[in-house]
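This is run_29.cif (mmCIF, C-alpha atoms).
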data_data
loop_
_atom_site.group_PDB
_atom_site.id
_atom_site.type_symbol
_atom_site.label_atom_id
_atom_site.label_comp_id
_atom_site.auth_asym_id
_atom_site.auth_seq_id
_atom_site.Cartn_x
_atom_site.Cartn_y
_atom_site.Cartn_z
ATOM 1 C CA MET A 1 91.324 117.091 111.359
ATOM 2 C CA ALA A 2 90.930 120.089 113.665
ATOM 3 C CA ASN A 3 87.350 119.035 114.341
ATOM 4 C CA HIS A 4 88.580 115.577 115.280
ATOM 5 C CA GLN A 5 91.179 117.039 117.661
ATOM 6 C CA SER A 6 88.618 119.278 119.320
ATOM 7 C CA LEU A 7 86.354 116.246 119.779
ATOM 8 C CA VAL A 8 89.157 114.294 121.467
ATOM 9 C CA LYS A 9 90.073 117.312 123.625
ATOM 10 C CA GLY A 10 86.448 117.785 124.700
ATOM 11 C CA ALA A 11 86.079 114.089 125.517
ATOM 12 C CA THR A 12 89.293 114.189 127.557
ATOM 13 C CA GLN A 13 88.091 117.224 129.522
ATOM 14 C CA LEU A 14 84.753 115.555 130.199
ATOM 15 C CA TYR A 15 86.544 112.411 131.343
ATOM 16 C CA GLY A 16 88.714 114.468 133.714
ATOM 17 C CA ARG A 17 85.749 116.312 135.161
ATOM 18 C CA VAL A 18 83.842 113.119 135.861
ATOM 19 C CA PHE A 19 86.705 111.471 137.671
ATOM 20 C CA ASN A 20 87.900 114.620 139.461
ATOM 21 C CA HIS A 21 84.503 114.873 141.146
ATOM 22 C CA HIS A 22 84.635 111.305 142.335
ATOM 23 C CA ALA A 23 86.347 112.197 145.622
ATOM 24 C CA ILE A 24 83.928 115.053 146.279
ATOM 25 C CA LEU A 25 80.905 112.864 145.591
ATOM 26 C CA GLN A 26 82.303 110.126 147.804
ATOM 27 C CA SER A 27 82.767 112.554 150.712
ATOM 28 C CA ASP A 28 79.214 113.892 150.193
ATOM 29 C CA ILE A 29 77.885 110.354 150.428
ATOM 30 C CA ASN A 30 79.864 109.746 153.618
ATOM 31 C CA THR A 31 78.511 113.020 155.066
ATOM 32 C CA MET A 32 74.978 111.982 154.232
ATOM 33 C CA ARG A 33 75.542 108.660 155.989
ATOM 34 C CA ASN A 34 76.640 110.484 159.130
ATOM 35 C CA PHE A 35 73.525 112.655 159.228
ATOM 36 C CA ASP A 36 71.046 109.987 158.303
ATOM 37 C CA GLY A 37 70.642 106.815 160.341
ATOM 38 C CA ASN A 38 69.249 104.975 157.337
ATOM 39 C CA THR A 39 72.136 104.581 154.892
ATOM 40 C CA GLN A 40 70.322 102.380 152.420
ATOM 41 C CA PRO A 41 69.161 105.206 150.040
ATOM 42 C CA CYS A 42 72.658 106.678 150.099
ATOM 43 C CA GLU A 43 74.195 103.326 149.311
ATOM 44 C CA LYS A 44 71.783 102.854 146.413
ATOM 45 C CA SER A 45 72.577 106.295 145.039
ATOM 46 C CA ALA A 46 76.285 105.610 145.559
ATOM 47 C CA GLN A 47 75.922 102.331 143.678
ATOM 48 C CA VAL A 48 74.042 104.054 140.855
ATOM 49 C CA LEU A 49 76.726 106.716 140.715
ATOM 50 C CA GLN A 50 79.464 104.076 140.745
ATOM 51 C CA ASP A 51 77.695 102.179 137.932
ATOM 52 C CA GLN A 52 77.467 105.382 135.875
ATOM 53 C CA LEU A 53 81.141 106.104 136.454
ATOM 54 C CA THR A 54 82.013 102.556 135.386
ATOM 55 C CA GLN A 55 79.902 102.880 132.233
ATOM 56 C CA THR A 56 81.507 106.237 131.452
ATOM 57 C CA SER A 57 84.945 104.753 131.934
ATOM 58 C CA GLU A 58 84.095 101.843 129.630
ATOM 59 C CA ALA A 59 82.715 104.235 127.027
ATOM 60 C CA PHE A 60 85.916 106.272 127.074
ATOM 61 C CA SER A 61 88.041 103.140 126.736
ATOM 62 C CA ARG A 62 85.941 102.079 123.726
ATOM 63 C CA CYS A 63 86.415 105.561 122.249
ATOM 64 C CA ASP A 64 90.173 105.264 122.709
ATOM 65 C CA LYS A 65 90.116 101.903 120.923
ATOM 66 C CA GLU A 66 88.048 103.303 118.039
ATOM 67 C CA LEU A 67 90.116 106.475 117.643
ATOM 68 C CA PRO A 68 92.203 105.180 114.669
ATOM 69 C CA THR A 69 89.029 104.066 112.910
ATOM 70 C CA LEU A 70 87.421 107.432 113.549
ATOM 71 C CA SER A 71 90.390 109.277 112.074
ATOM 72 C CA ALA A 72 90.223 107.078 108.947
ATOM 73 C CA VAL A 73 86.488 107.732 108.674
ATOM 74 C CA SER A 74 87.107 111.430 109.191
ATOM 75 C CA SER A 75 89.648 111.561 106.364
ATOM 76 C CA SER A 76 87.284 109.586 104.122
ATOM 77 C CA LEU A 77 84.506 112.051 104.873
ATOM 78 C CA VAL A 78 86.768 114.989 104.027
ATOM 79 C CA THR A 79 87.635 113.337 100.695
ATOM 80 C CA ALA A 80 83.955 112.622 99.984
ATOM 81 C CA LYS A 81 83.054 116.244 100.733
ATOM 82 C CA GLN A 82 85.746 117.468 98.334
ATOM 83 C CA ILE A 83 84.409 115.177 95.601
ATOM 84 C CA CYS A 84 80.869 116.423 96.243
ATOM 85 C CA ASP A 85 82.063 120.028 96.045
ATOM 86 C CA THR A 86 83.805 119.288 92.737
ATOM 87 C CA ILE A 87 80.665 117.655 91.315
ATOM 88 C CA LEU A 88 78.552 120.585 92.485
ATOM 89 C CA LEU A 89 80.926 123.067 90.867
ATOM 90 C CA GLN A 90 80.913 121.098 87.615
ATOM 91 C CA SER A 91 77.113 120.884 87.584
ATOM 92 C CA GLU A 92 76.899 124.651 88.094
ATOM 93 C CA THR A 93 79.335 125.149 85.202
ATOM 94 C CA HIS A 94 77.353 122.830 82.924
ATOM 95 C CA LEU A 95 74.106 124.667 83.552
ATOM 96 C CA LYS A 96 75.355 128.069 82.431
ATOM 97 C CA PRO A 97 73.723 129.299 79.195
ATOM 98 C CA GLU A 98 77.083 130.136 77.587
ATOM 99 C CA TYR A 99 78.312 126.606 78.176
ATOM 100 C CA LEU A 100 75.120 125.133 76.738
ATOM 101 C CA ALA A 101 75.304 127.388 73.682
ATOM 102 C CA ASN A 102 78.963 126.449 73.092
ATOM 103 C CA GLU A 103 78.135 122.750 73.382
ATOM 104 C CA ARG A 104 75.242 123.068 70.905
ATOM 105 C CA GLU A 105 77.492 124.908 68.477
ATOM 106 C CA ALA A 106 80.208 122.259 68.775
ATOM 107 C CA ARG A 107 77.673 119.477 68.174
ATOM 108 C CA ALA A 108 76.276 121.324 65.134
ATOM 109 C CA GLU A 109 79.776 121.700 63.655
ATOM 110 C CA LYS A 110 80.538 118.039 64.292
ATOM 111 C CA TRP A 111 77.260 117.024 62.631
ATOM 112 C CA GLU A 112 78.005 119.262 59.636
ATOM 113 C CA ARG A 113 81.460 117.692 59.209
ATOM 114 C CA PHE A 114 79.941 114.226 59.433
ATOM 115 C CA MET A 115 77.295 115.025 56.819
ATOM 116 C CA ASN A 116 79.901 116.529 54.474
ATOM 117 C CA GLU A 117 82.060 113.405 54.814
ATOM 118 C CA MET A 118 79.059 111.176 54.077
ATOM 119 C CA LYS A 119 78.160 113.250 51.000
ATOM 120 C CA SER A 120 81.721 113.073 49.682
ATOM 121 C CA LYS A 121 81.844 109.313 50.275
ATOM 122 C CA ALA A 122 78.487 108.910 48.530
ATOM 123 C CA LEU A 123 79.767 110.920 45.542
ATOM 124 C CA GLU A 124 82.935 108.817 45.414
ATOM 125 C CA LEU A 125 80.890 105.643 45.535
ATOM 126 C CA ASP A 126 78.558 106.873 42.780
ATOM 127 C CA ASP A 127 81.548 107.852 40.649
ATOM 128 C CA LYS A 128 83.221 104.499 41.199
ATOM 129 C CA TYR A 129 79.967 102.726 40.320
ATOM 130 C CA CYS A 130 79.670 104.689 37.074
ATOM 131 C CA ARG A 131 83.294 103.918 36.139
ATOM 132 C CA GLU A 132 82.904 100.226 36.922
ATOM 133 C CA SER A 133 79.608 100.076 35.089
ATOM 134 C CA GLU A 134 81.157 101.739 32.041
ATOM 135 C CA ALA A 135 84.169 99.400 32.187
ATOM 136 C CA MET A 136 81.829 96.383 32.363
ATOM 137 C CA SER A 137 79.798 97.709 29.495
ATOM 138 C CA ASN A 138 82.950 98.192 27.371
ATOM 139 C CA TYR A 139 84.198 94.703 28.259
ATOM 140 C CA TYR A 140 80.947 93.085 27.109
ATOM 141 C CA LYS A 141 80.888 95.174 23.939
ATOM 142 C CA GLU A 142 84.404 94.039 23.083
ATOM 143 C CA ALA A 143 83.521 90.441 23.954
ATOM 144 C CA ASN A 144 80.456 90.650 21.709
ATOM 145 C CA GLU A 145 82.510 92.080 18.838
ATOM 146 C CA LYS A 146 85.118 89.343 19.221
ATOM 147 C CA LEU A 147 82.372 86.731 19.231
ATOM 148 C CA LYS A 148 80.897 88.192 16.048
ATOM 149 C CA ASP A 149 84.346 88.305 14.434
ATOM 150 C CA SER A 150 85.035 84.694 15.356
ATOM 151 C CA ASN A 151 81.653 83.594 13.969
ATOM 152 C CA MET A 152 82.363 85.298 10.679
ATOM 153 C CA LEU A 153 85.497 83.397 10.047
#
Produce structure tokens that represent the structure in this file.
Amino acid sequence: MANHQSLVKGATQLYGRVFNHHAILQSDINTMRNFDGNTQPCEKSAQVLQDQLTQTSEAFSRCDKELPTLSAVSSSLVTAKQICDTILLQSETHLKPEYLANEREARAEKWERFMNEMKSKALELDDKYCRESEAMSNYYKEANEKLKDSNML
């Protein structure tokens, strides 16, 4: 914001200097007319000077109109710079060897837990399969015995 204020202050000073010299330049042109019988070059230079002053005045009026937009852009740029600084700081943190080693260790522990869970689930499933298989086997044995008993009667 201070940079923006210094820009406006500098533009205002420049504007004041240009228009404060207007009277001096005008008197110089009049003096040149008095000394020179041919006033045409002076008039051309006066017209060029007047055109430049008009363009400068128009430029300053456009700047005054765009000032709110410039302050919004300035604040957006400050925010963007802060975000970039944060990202840069985070990237520097992520590249440190200690951080990388800690992350590898955490991933290894997570993988170990996952593998242990999968092994325990596989053992449970195998155990359940054996129990179900044995129960089925017993059911068919009993059914076979009952069928044999009913055929004997």
When you count all atoms listed in the file, which of these residues is closest to Leu70 (chain A): A:Gln5, A:Glu112, A:Asn151, A:Tyr140? A:Gln5
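Reported to one decimal place, the separation of CA of Lys9 (chain A) from CA of Pro68 (chain A) is 15.2 Å.
Going from CA of Lys148 (chain A) to CA of Glu134 (chain A) covers 21.0 Å.
CA of Cys84 (chain A) sits 26.4 Å away from CA of Glu66 (chain A).
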